[in-house]
>>> print(open('entry.txt').read())   # compact mmCIF, N, CA and C atoms
# COMPACT_ATOMS: atom_id res chain seq x y z
N PRO A 1120 5.32 -47.80 -41.92
CA PRO A 1120 5.63 -48.33 -43.24
C PRO A 1120 6.49 -49.60 -43.13
N VAL A 1121 6.24 -50.53 -44.01
CA VAL A 1121 6.99 -51.79 -44.04
C VAL A 1121 8.26 -51.59 -44.86
N GLU A 1122 9.39 -51.99 -44.28
CA GLU A 1122 10.66 -51.93 -45.00
C GLU A 1122 10.77 -53.17 -45.89
N ARG A 1123 11.24 -52.97 -47.08
CA ARG A 1123 11.42 -54.08 -48.02
C ARG A 1123 12.89 -54.18 -48.39
N PRO A 1124 13.37 -55.40 -48.61
CA PRO A 1124 14.76 -55.54 -49.06
C PRO A 1124 14.98 -54.77 -50.36
N GLN A 1125 16.15 -54.19 -50.47
CA GLN A 1125 16.49 -53.47 -51.68
C GLN A 1125 17.96 -53.67 -52.00
N LEU A 1126 18.32 -53.46 -53.22
CA LEU A 1126 19.70 -53.56 -53.66
C LEU A 1126 20.51 -52.47 -52.97
N VAL A 1127 21.64 -52.84 -52.38
CA VAL A 1127 22.50 -51.86 -51.74
C VAL A 1127 23.35 -51.21 -52.83
N THR A 1128 23.13 -49.93 -53.03
CA THR A 1128 23.82 -49.19 -54.10
C THR A 1128 24.96 -48.35 -53.52
N ALA A 1129 25.83 -47.88 -54.41
CA ALA A 1129 26.91 -46.98 -54.00
C ALA A 1129 26.33 -45.71 -53.40
N GLU A 1130 25.20 -45.25 -53.91
CA GLU A 1130 24.56 -44.05 -53.38
C GLU A 1130 24.10 -44.26 -51.94
N LEU A 1131 23.48 -45.41 -51.65
CA LEU A 1131 23.06 -45.71 -50.28
C LEU A 1131 24.26 -45.78 -49.34
N ILE A 1132 25.31 -46.48 -49.74
CA ILE A 1132 26.50 -46.61 -48.90
C ILE A 1132 27.18 -45.27 -48.71
N GLY A 1133 27.26 -44.49 -49.77
CA GLY A 1133 27.89 -43.18 -49.69
C GLY A 1133 27.19 -42.25 -48.72
N GLY A 1134 25.88 -42.40 -48.56
CA GLY A 1134 25.12 -41.56 -47.64
C GLY A 1134 25.00 -42.13 -46.25
N ALA A 1135 25.55 -43.32 -46.01
CA ALA A 1135 25.43 -43.97 -44.71
C ALA A 1135 26.62 -43.65 -43.82
N GLN A 1136 26.36 -43.51 -42.54
CA GLN A 1136 27.45 -43.33 -41.57
C GLN A 1136 28.05 -44.68 -41.20
N ARG A 1137 27.23 -45.73 -41.26
CA ARG A 1137 27.65 -47.06 -40.85
C ARG A 1137 26.93 -48.09 -41.71
N VAL A 1138 27.63 -49.17 -42.06
CA VAL A 1138 27.02 -50.29 -42.77
C VAL A 1138 27.10 -51.51 -41.88
N ILE A 1139 25.97 -52.14 -41.66
CA ILE A 1139 25.91 -53.37 -40.88
C ILE A 1139 25.58 -54.50 -41.84
N SER A 1140 26.46 -55.48 -41.88
CA SER A 1140 26.28 -56.60 -42.79
C SER A 1140 25.79 -57.83 -42.05
N LEU A 1141 24.83 -58.51 -42.64
CA LEU A 1141 24.33 -59.77 -42.09
C LEU A 1141 24.70 -60.90 -43.04
N GLY A 1142 25.92 -60.90 -43.51
CA GLY A 1142 26.35 -62.03 -44.30
C GLY A 1142 27.09 -61.72 -45.59
N CYS A 1143 27.14 -60.49 -46.01
CA CYS A 1143 27.91 -60.22 -47.24
C CYS A 1143 29.21 -59.53 -46.86
N SER A 1144 30.22 -59.75 -47.65
CA SER A 1144 31.54 -59.19 -47.36
C SER A 1144 31.68 -57.80 -47.98
N ARG A 1145 32.69 -57.08 -47.54
CA ARG A 1145 32.95 -55.74 -48.10
C ARG A 1145 33.14 -55.82 -49.61
N GLY A 1146 33.78 -56.87 -50.06
CA GLY A 1146 34.05 -57.01 -51.49
C GLY A 1146 32.80 -57.13 -52.35
N GLU A 1147 31.69 -57.50 -51.74
CA GLU A 1147 30.43 -57.62 -52.47
C GLU A 1147 29.69 -56.29 -52.60
N LEU A 1148 30.17 -55.27 -51.89
CA LEU A 1148 29.50 -53.97 -51.91
C LEU A 1148 30.06 -53.10 -53.03
N PRO A 1149 29.23 -52.22 -53.59
CA PRO A 1149 29.68 -51.40 -54.71
C PRO A 1149 30.59 -50.24 -54.31
N LEU A 1150 30.77 -50.00 -53.00
CA LEU A 1150 31.57 -48.89 -52.51
C LEU A 1150 32.07 -49.24 -51.12
N GLU A 1151 33.30 -48.85 -50.78
CA GLU A 1151 33.86 -49.11 -49.45
C GLU A 1151 33.15 -48.22 -48.42
N PRO A 1152 32.50 -48.83 -47.41
CA PRO A 1152 31.80 -48.03 -46.40
C PRO A 1152 32.77 -47.33 -45.45
N ARG A 1153 32.32 -46.20 -44.87
CA ARG A 1153 33.12 -45.48 -43.86
C ARG A 1153 33.29 -46.33 -42.61
N GLU A 1154 32.19 -46.81 -42.07
CA GLU A 1154 32.21 -47.70 -40.91
C GLU A 1154 31.52 -48.99 -41.29
N TRP A 1155 32.07 -50.09 -40.83
CA TRP A 1155 31.60 -51.42 -41.23
C TRP A 1155 31.47 -52.31 -40.01
N GLU A 1156 30.36 -53.00 -39.89
CA GLU A 1156 30.19 -54.00 -38.85
C GLU A 1156 29.63 -55.25 -39.49
N LEU A 1157 30.23 -56.37 -39.18
CA LEU A 1157 29.76 -57.66 -39.69
C LEU A 1157 29.09 -58.40 -38.55
N TRP A 1158 27.80 -58.60 -38.67
CA TRP A 1158 27.04 -59.34 -37.67
C TRP A 1158 26.84 -60.76 -38.20
N ASP A 1159 27.92 -61.51 -38.30
CA ASP A 1159 27.85 -62.85 -38.89
C ASP A 1159 27.36 -63.91 -37.91
N ASP A 1160 27.05 -63.50 -36.67
CA ASP A 1160 26.51 -64.44 -35.70
C ASP A 1160 24.98 -64.46 -35.70
N VAL A 1161 24.35 -63.72 -36.61
CA VAL A 1161 22.89 -63.71 -36.72
C VAL A 1161 22.48 -64.86 -37.64
N PRO A 1162 21.66 -65.79 -37.14
CA PRO A 1162 21.25 -66.90 -38.00
C PRO A 1162 20.32 -66.42 -39.12
N PRO A 1163 20.30 -67.11 -40.24
CA PRO A 1163 19.39 -66.73 -41.32
C PRO A 1163 17.94 -66.79 -40.83
N PRO A 1164 17.16 -65.74 -41.02
CA PRO A 1164 15.77 -65.74 -40.56
C PRO A 1164 14.95 -66.89 -41.15
N SER A 1165 15.31 -67.35 -42.35
CA SER A 1165 14.56 -68.45 -42.96
C SER A 1165 14.74 -69.75 -42.18
N ARG A 1166 15.82 -69.87 -41.40
CA ARG A 1166 16.05 -71.07 -40.60
C ARG A 1166 15.68 -70.88 -39.13
N ASP A 1167 15.85 -69.65 -38.62
CA ASP A 1167 15.62 -69.41 -37.19
C ASP A 1167 15.20 -67.95 -37.00
N LEU A 1168 13.95 -67.66 -37.29
CA LEU A 1168 13.45 -66.29 -37.21
C LEU A 1168 13.58 -65.73 -35.79
N GLU A 1169 13.18 -66.50 -34.80
CA GLU A 1169 13.24 -66.03 -33.42
C GLU A 1169 14.69 -65.80 -32.99
N GLY A 1170 15.59 -66.71 -33.37
CA GLY A 1170 17.00 -66.56 -33.03
C GLY A 1170 17.61 -65.33 -33.70
N ALA A 1171 17.25 -65.08 -34.96
CA ALA A 1171 17.74 -63.90 -35.67
C ALA A 1171 17.24 -62.64 -34.98
N TYR A 1172 15.98 -62.62 -34.63
CA TYR A 1172 15.39 -61.47 -33.94
C TYR A 1172 16.12 -61.20 -32.62
N ARG A 1173 16.35 -62.25 -31.83
CA ARG A 1173 17.02 -62.11 -30.53
C ARG A 1173 18.43 -61.55 -30.69
N ARG A 1174 19.18 -62.10 -31.65
CA ARG A 1174 20.58 -61.69 -31.82
C ARG A 1174 20.66 -60.25 -32.34
N ILE A 1175 19.80 -59.89 -33.28
CA ILE A 1175 19.79 -58.51 -33.78
C ILE A 1175 19.44 -57.55 -32.66
N ARG A 1176 18.47 -57.93 -31.84
CA ARG A 1176 18.09 -57.09 -30.70
C ARG A 1176 19.27 -56.91 -29.74
N GLN A 1177 20.03 -57.98 -29.49
CA GLN A 1177 21.22 -57.89 -28.63
C GLN A 1177 22.24 -56.91 -29.22
N HIS A 1178 22.47 -57.02 -30.51
CA HIS A 1178 23.40 -56.10 -31.18
C HIS A 1178 22.93 -54.65 -31.03
N LEU A 1179 21.64 -54.42 -31.22
CA LEU A 1179 21.11 -53.06 -31.12
C LEU A 1179 21.25 -52.53 -29.69
N GLU A 1180 21.02 -53.37 -28.70
CA GLU A 1180 21.19 -52.96 -27.31
C GLU A 1180 22.66 -52.63 -27.03
N GLU A 1181 23.58 -53.43 -27.58
CA GLU A 1181 25.01 -53.15 -27.41
C GLU A 1181 25.38 -51.81 -28.04
N LEU A 1182 24.84 -51.53 -29.21
CA LEU A 1182 25.08 -50.23 -29.86
C LEU A 1182 24.57 -49.09 -28.99
N GLN A 1183 23.38 -49.26 -28.47
CA GLN A 1183 22.77 -48.22 -27.64
C GLN A 1183 23.62 -47.97 -26.39
N HIS A 1184 24.10 -49.02 -25.76
CA HIS A 1184 24.90 -48.87 -24.54
C HIS A 1184 26.30 -48.32 -24.83
N SER A 1185 26.78 -48.50 -26.05
CA SER A 1185 28.11 -48.02 -26.39
C SER A 1185 28.10 -46.53 -26.73
N GLY A 1186 26.92 -45.93 -26.74
CA GLY A 1186 26.83 -44.51 -27.05
C GLY A 1186 26.56 -44.23 -28.52
N LEU A 1187 26.43 -45.27 -29.31
CA LEU A 1187 26.14 -45.11 -30.74
C LEU A 1187 24.65 -45.22 -31.00
N GLY A 1188 23.84 -45.15 -29.97
CA GLY A 1188 22.42 -45.39 -29.96
C GLY A 1188 21.61 -45.23 -31.22
N SER A 1189 21.83 -44.21 -32.00
CA SER A 1189 21.00 -43.98 -33.17
C SER A 1189 21.49 -44.79 -34.37
N LEU A 1190 20.56 -45.39 -35.07
CA LEU A 1190 20.91 -46.08 -36.31
C LEU A 1190 20.55 -45.24 -37.53
N ALA A 1191 20.23 -43.96 -37.32
CA ALA A 1191 19.96 -43.06 -38.44
C ALA A 1191 21.22 -43.02 -39.31
N GLY A 1192 21.03 -43.12 -40.60
CA GLY A 1192 22.17 -43.09 -41.51
C GLY A 1192 22.88 -44.44 -41.61
N THR A 1193 22.22 -45.51 -41.19
CA THR A 1193 22.80 -46.86 -41.26
C THR A 1193 22.16 -47.63 -42.40
N VAL A 1194 22.97 -48.32 -43.15
CA VAL A 1194 22.50 -49.21 -44.21
C VAL A 1194 22.80 -50.63 -43.76
N SER A 1195 21.83 -51.53 -43.89
CA SER A 1195 22.12 -52.92 -43.59
C SER A 1195 22.20 -53.70 -44.88
N ALA A 1196 23.24 -54.51 -44.97
CA ALA A 1196 23.46 -55.31 -46.17
C ALA A 1196 23.43 -56.77 -45.77
N GLY A 1197 22.61 -57.55 -46.42
CA GLY A 1197 22.51 -58.97 -46.09
C GLY A 1197 22.62 -59.83 -47.32
N ALA A 1198 23.22 -60.97 -47.15
CA ALA A 1198 23.32 -61.92 -48.25
C ALA A 1198 21.94 -62.51 -48.50
N VAL A 1199 21.64 -62.80 -49.72
CA VAL A 1199 20.34 -63.38 -50.08
C VAL A 1199 20.45 -64.87 -50.03
>>> encode(input="entry.txt", output="structure tokens")
Amino acid sequence: PVERPQLVTAELIGGAQRVISLGCSRGELPLEPREWELWDDVPPPSRDLEGAYRRIRQHLEELQHSGLGSLAGTVSAGAV
């Protein structure tokens, strides 16, 4: 199934173990997340799709190596 962008709601954040942001601040979210990561070094895909893909992949590999391997229960929030 293809994932589509969706509005990040308080319900989504409340059910997430971790929120990964690609450009929006905590203040822009409708609820304070339990765990928060800001991946502000990911370039906007509209300007550099390959660079965004590479950097996100690096972040995911770092998560996997840190023992946090699963992204189940993770919400990603990105600025439009």
>>> atom_distance(input="entry.txt", atom1="atom N of Gly1134 in chain A", atom2="CA of Gly1146 in chain A")
17.0 Å
>>> select_by_dssp(input="entry.txt", residues="range 1124-1184 of chain A", states="helix (DSSP H, G or I)", output="list in words")
Ala1129, Glu1130, Leu1131, Ile1132, Gly1133, Arg1145, Gly1146, Glu1147, Leu1168, Glu1169, Gly1170, Ala1171, Tyr1172, Arg1173, Arg1174, Ile1175, Arg1176, Gln1177, His1178, Leu1179, Glu1180, Glu1181, Leu1182, Gln1183 and His1184 of chain A
>>> closest_residue(input="entry.txt", among="A:Leu1148, A:Asp1159, A:Glu1154, A:Arg1174", to="Val1127 in chain A", atoms="only N, CA and C atoms")
A:Leu1148
>>> atom_distance(input="entry.txt", atom1="CA of Leu1182 in chain A", atom2="CA of Glu1156 in chain A")
11.0 Å
>>> atom_distance(input="entry.txt", atom1="CA of Ile1175 in chain A", atom2="CA of Val1161 in chain A")
6.7 Å
>>> axis_aligned_box(input="entry.txt", around="range 1137-1143 of chain A", padding_each_side="3 Å", output="JSON")
{"center_x": 26.8, "center_y": -53.9, "center_z": -44.0, "size_x": 10.9, "size_y": 22.3, "size_z": 12.4}
>>> residues_around(input="entry.txt", residues="Ile1132 in chain A", least_positions_apart="3", cutoff="7 Å", atoms="only C-alpha atoms", output="MDAnalysis selection string")
chainID A and resid 1128:1129 1135 1150 1152 1194
>>> select_by_dssp(input="entry.txt", residues="chain A", states="strand (DSSP E or B)", output="list in words")
Arg1137, Val1138, Ile1139, Ser1140, Leu1141, Gly1142, Trp1155, Glu1156, Leu1157, Thr1193, Val1194, Ser1195, Ala1196 and Gly1197 of chain A
>>> closest_residue(input="entry.txt", among="A:Asp1160, A:Arg1123, A:Tyr1172, A:Arg1153", to="Leu1141 in chain A", atoms="only C-alpha atoms")
A:Asp1160
>>> closest_residue(input="entry.txt", among="A:Gly1170, A:Pro1164, A:Gly1186, A:Pro1149", to="Glu1130 in chain A", atoms="all atoms listed in the file")
A:Pro1149
>>> decode(input="entry.txt", residues="range 1129-1157 of chain A", atoms="N, CA, C and O atoms", output="PDB file, in the first residue's frame")
ATOM      1  N   ALA A1129      -3.701  14.775  17.351  1.00  0.00           N
ATOM      2  CA  ALA A1129      -3.392  14.418  18.735  1.00  0.00           C
ATOM      3  C   ALA A1129      -3.564  12.919  18.943  1.00  0.00           C
ATOM      4  O   ALA A1129      -2.790  12.288  19.670  1.00  0.00           O
ATOM      5  N   GLU A1130      -4.534  12.321  18.278  1.00  0.00           N
ATOM      6  CA  GLU A1130      -4.760  10.876  18.395  1.00  0.00           C
ATOM      7  C   GLU A1130      -3.566  10.089  17.854  1.00  0.00           C
ATOM      8  O   GLU A1130      -3.109   9.130  18.484  1.00  0.00           O
ATOM      9  N   LEU A1131      -3.038  10.489  16.692  1.00  0.00           N
ATOM     10  CA  LEU A1131      -1.862   9.816  16.137  1.00  0.00           C
ATOM     11  C   LEU A1131      -0.660   9.945  17.070  1.00  0.00           C
ATOM     12  O   LEU A1131       0.045   8.970  17.338  1.00  0.00           O
ATOM     13  N   ILE A1132      -0.408  11.145  17.562  1.00  0.00           N
ATOM     14  CA  ILE A1132       0.737  11.374  18.446  1.00  0.00           C
ATOM     15  C   ILE A1132       0.556  10.624  19.754  1.00  0.00           C
ATOM     16  O   ILE A1132       1.501  10.019  20.270  1.00  0.00           O
ATOM     17  N   GLY A1133      -0.651  10.629  20.286  1.00  0.00           N
ATOM     18  CA  GLY A1133      -0.923   9.934  21.538  1.00  0.00           C
ATOM     19  C   GLY A1133      -0.675   8.443  21.450  1.00  0.00           C
ATOM     20  O   GLY A1133      -0.299   7.799  22.422  1.00  0.00           O
ATOM     21  N   GLY A1134      -0.871   7.863  20.268  1.00  0.00           N
ATOM     22  CA  GLY A1134      -0.653   6.435  20.075  1.00  0.00           C
ATOM     23  C   GLY A1134       0.747   6.085  19.624  1.00  0.00           C
ATOM     24  O   GLY A1134       1.079   4.908  19.486  1.00  0.00           O
ATOM     25  N   ALA A1135       1.594   7.082  19.409  1.00  0.00           N
ATOM     26  CA  ALA A1135       2.947   6.838  18.911  1.00  0.00           C
ATOM     27  C   ALA A1135       3.947   6.717  20.054  1.00  0.00           C
ATOM     28  O   ALA A1135       3.834   7.419  21.058  1.00  0.00           O
ATOM     29  N   GLN A1136       4.916   5.844  19.879  1.00  0.00           N
ATOM     30  CA  GLN A1136       6.004   5.740  20.849  1.00  0.00           C
ATOM     31  C   GLN A1136       7.055   6.807  20.584  1.00  0.00           C
ATOM     32  O   GLN A1136       7.747   7.244  21.485  1.00  0.00           O
ATOM     33  N   ARG A1137       7.177   7.214  19.325  1.00  0.00           N
ATOM     34  CA  ARG A1137       8.204   8.168  18.922  1.00  0.00           C
ATOM     35  C   ARG A1137       7.659   9.011  17.777  1.00  0.00           C
ATOM     36  O   ARG A1137       6.969   8.510  16.910  1.00  0.00           O
ATOM     37  N   VAL A1138       8.011  10.303  17.767  1.00  0.00           N
ATOM     38  CA  VAL A1138       7.666  11.187  16.653  1.00  0.00           C
ATOM     39  C   VAL A1138       8.957  11.652  16.022  1.00  0.00           C
ATOM     40  O   VAL A1138       9.863  12.128  16.708  1.00  0.00           O
ATOM     41  N   ILE A1139       9.058  11.471  14.726  1.00  0.00           N
ATOM     42  CA  ILE A1139      10.215  11.941  13.967  1.00  0.00           C
ATOM     43  C   ILE A1139       9.748  13.090  13.088  1.00  0.00           C
ATOM     44  O   ILE A1139       8.838  12.931  12.286  1.00  0.00           O
ATOM     45  N   SER A1140      10.375  14.235  13.274  1.00  0.00           N
ATOM     46  CA  SER A1140       9.990  15.424  12.532  1.00  0.00           C
ATOM     47  C   SER A1140      10.987  15.706  11.421  1.00  0.00           C
ATOM     48  O   SER A1140      12.191  15.636  11.620  1.00  0.00           O
ATOM     49  N   LEU A1141      10.459  16.055  10.266  1.00  0.00           N
ATOM     50  CA  LEU A1141      11.294  16.454   9.133  1.00  0.00           C
ATOM     51  C   LEU A1141      11.048  17.927   8.834  1.00  0.00           C
ATOM     52  O   LEU A1141      10.840  18.314   7.700  1.00  0.00           O
ATOM     53  N   GLY A1142      11.016  18.734   9.866  1.00  0.00           N
ATOM     54  CA  GLY A1142      10.918  20.154   9.620  1.00  0.00           C
ATOM     55  C   GLY A1142       9.908  20.925  10.434  1.00  0.00           C
ATOM     56  O   GLY A1142       9.894  22.142  10.392  1.00  0.00           O
ATOM     57  N   CYS A1143       9.054  20.273  11.179  1.00  0.00           N
ATOM     58  CA  CYS A1143       8.122  21.052  12.001  1.00  0.00           C
ATOM     59  C   CYS A1143       8.566  20.976  13.455  1.00  0.00           C
ATOM     60  O   CYS A1143       9.193  20.001  13.872  1.00  0.00           O
ATOM     61  N   SER A1144       8.272  22.006  14.199  1.00  0.00           N
ATOM     62  CA  SER A1144       8.696  22.068  15.595  1.00  0.00           C
ATOM     63  C   SER A1144       7.642  21.441  16.499  1.00  0.00           C
ATOM     64  O   SER A1144       6.493  21.240  16.093  1.00  0.00           O
ATOM     65  N   ARG A1145       8.035  21.166  17.727  1.00  0.00           N
ATOM     66  CA  ARG A1145       7.085  20.605  18.699  1.00  0.00           C
ATOM     67  C   ARG A1145       5.873  21.510  18.864  1.00  0.00           C
ATOM     68  O   ARG A1145       4.771  21.026  19.052  1.00  0.00           O
ATOM     69  N   GLY A1146       6.105  22.801  18.822  1.00  0.00           N
ATOM     70  CA  GLY A1146       5.014  23.751  19.010  1.00  0.00           C
ATOM     71  C   GLY A1146       3.942  23.688  17.933  1.00  0.00           C
ATOM     72  O   GLY A1146       2.833  24.156  18.130  1.00  0.00           O
ATOM     73  N   GLU A1147       4.280  23.126  16.786  1.00  0.00           N
ATOM     74  CA  GLU A1147       3.319  23.004  15.697  1.00  0.00           C
ATOM     75  C   GLU A1147       2.443  21.757  15.824  1.00  0.00           C
ATOM     76  O   GLU A1147       1.506  21.580  15.057  1.00  0.00           O
ATOM     77  N   LEU A1148       2.784  20.878  16.770  1.00  0.00           N
ATOM     78  CA  LEU A1148       2.035  19.639  16.933  1.00  0.00           C
ATOM     79  C   LEU A1148       0.884  19.838  17.919  1.00  0.00           C
ATOM     80  O   LEU A1148       0.989  20.630  18.850  1.00  0.00           O
ATOM     81  N   PRO A1149      -0.204  19.095  17.734  1.00  0.00           N
ATOM     82  CA  PRO A1149      -1.370  19.273  18.598  1.00  0.00           C
ATOM     83  C   PRO A1149      -1.218  18.650  19.988  1.00  0.00           C
ATOM     84  O   PRO A1149      -2.069  18.859  20.849  1.00  0.00           O
ATOM     85  N   LEU A1150      -0.135  17.905  20.228  1.00  0.00           N
ATOM     86  CA  LEU A1150       0.080  17.229  21.502  1.00  0.00           C
ATOM     87  C   LEU A1150       1.576  17.010  21.680  1.00  0.00           C
ATOM     88  O   LEU A1150       2.285  16.745  20.704  1.00  0.00           O
ATOM     89  N   GLU A1151       2.081  17.129  22.906  1.00  0.00           N
ATOM     90  CA  GLU A1151       3.502  16.905  23.187  1.00  0.00           C
ATOM     91  C   GLU A1151       3.810  15.412  23.067  1.00  0.00           C
ATOM     92  O   GLU A1151       3.232  14.592  23.768  1.00  0.00           O
ATOM     93  N   PRO A1152       4.734  15.034  22.154  1.00  0.00           N
ATOM     94  CA  PRO A1152       5.071  13.614  21.994  1.00  0.00           C
ATOM     95  C   PRO A1152       5.903  13.085  23.159  1.00  0.00           C
ATOM     96  O   PRO A1152       6.619  13.836  23.809  1.00  0.00           O
ATOM     97  N   ARG A1153       5.804  11.761  23.395  1.00  0.00           N
ATOM     98  CA  ARG A1153       6.623  11.108  24.432  1.00  0.00           C
ATOM     99  C   ARG A1153       8.096  11.172  24.063  1.00  0.00           C
ATOM    100  O   ARG A1153       8.931  11.543  24.867  1.00  0.00           O
ATOM    101  N   GLU A1154       8.422  10.727  22.868  1.00  0.00           N
ATOM    102  CA  GLU A1154       9.790  10.790  22.351  1.00  0.00           C
ATOM    103  C   GLU A1154       9.776  11.602  21.079  1.00  0.00           C
ATOM    104  O   GLU A1154       8.871  11.466  20.261  1.00  0.00           O
ATOM    105  N   TRP A1155      10.793  12.421  20.906  1.00  0.00           N
ATOM    106  CA  TRP A1155      10.840  13.366  19.788  1.00  0.00           C
ATOM    107  C   TRP A1155      12.218  13.331  19.152  1.00  0.00           C
ATOM    108  O   TRP A1155      13.222  13.348  19.849  1.00  0.00           O
ATOM    109  N   GLU A1156      12.261  13.254  17.842  1.00  0.00           N
ATOM    110  CA  GLU A1156      13.519  13.371  17.108  1.00  0.00           C
ATOM    111  C   GLU A1156      13.299  14.343  15.966  1.00  0.00           C
ATOM    112  O   GLU A1156      12.320  14.235  15.238  1.00  0.00           O
ATOM    113  N   LEU A1157      14.208  15.276  15.830  1.00  0.00           N
ATOM    114  CA  LEU A1157      14.152  16.248  14.742  1.00  0.00           C
ATOM    115  C   LEU A1157      15.236  15.895  13.741  1.00  0.00           C
ATOM    116  O   LEU A1157      16.425  15.939  14.055  1.00  0.00           O
TER     117      LEU A1157
END
